[in-house]
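Trainee: One structure, as structure tokens, below. Some questions next.
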Amino acid sequence: MIRYVGLDVHKRVVEACIVDHAGKVVQRERFALYRSALETFAKCVLRPGDHVALEATTNCWAVADVLRPHVTRVLVSNPMAVSVRRSTGAVARALHLHKPCRRRPMP
């Protein structure tokens, strides 16, 4: 089964929310933003079929590079290019927004 993993990457910590295909939150994690902690998270928590999403921040590409070998897809989104609708959806829950997202064309 596909799971969706939303990461909120801060300067010192990462908050992760994992939801299943039905949108049910199955796991939440909070860990320090160190390469060793990311690798442990990737090896122990992530699965090969997972889809990971995170917003573009200062550390996003380094985080994506560590996680990419462990999952099917890593999506880095531009928060200025994402709009939020009112209905619910699994990917958005993973993004910790609890509302679905869709990409808007850049102006």
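By convention here, the chains of the structure tokens are called A, B, ... in the order presented, each chain's residues are numbered starting at 1, and ligands are numbered starting at 1 in the order presented.
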Do you know which residues are at most 8 Å from A:Glu15 counting only C-alpha atoms, after dropping those on the same chain fewer than 5 positions away, and could you put them as an MDAnalysis selection string?

Mentor: chainID A and resid 7:9 28:31

Trainee: Considering only C-alpha atoms, can you say which of A:Val19, A:Val26, A:Val14, A:Val71 comes closest to A:Asp50?

Mentor: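 The shortest atom-to-atom distance to A:Asp50 comes from A:Val71.
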
Trainee: Could you tell me how far atom CA of A:Ala64 sits from atom CA of A:Tyr4, in Å to one decimal place?

Mentor: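 A separation of 14.6 Å between them.
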
Trainee: For A:Arg73, please output as a ChimeraX atom specification all residues within 8 Å (counting only C-alpha atoms; exclusion window: fewer than 3 positions along the same chain).

Mentor: /A:50-52,68

Trainee: Excluding A:Lys43 and residues on its chain fewer than 2 positions from it, collect all residues at most 12 Å away from it, counting only C-alpha atoms, and give them as an MDAnalysis selection string.

Mentor: chainID A and resid 36:41 45:48 66:71
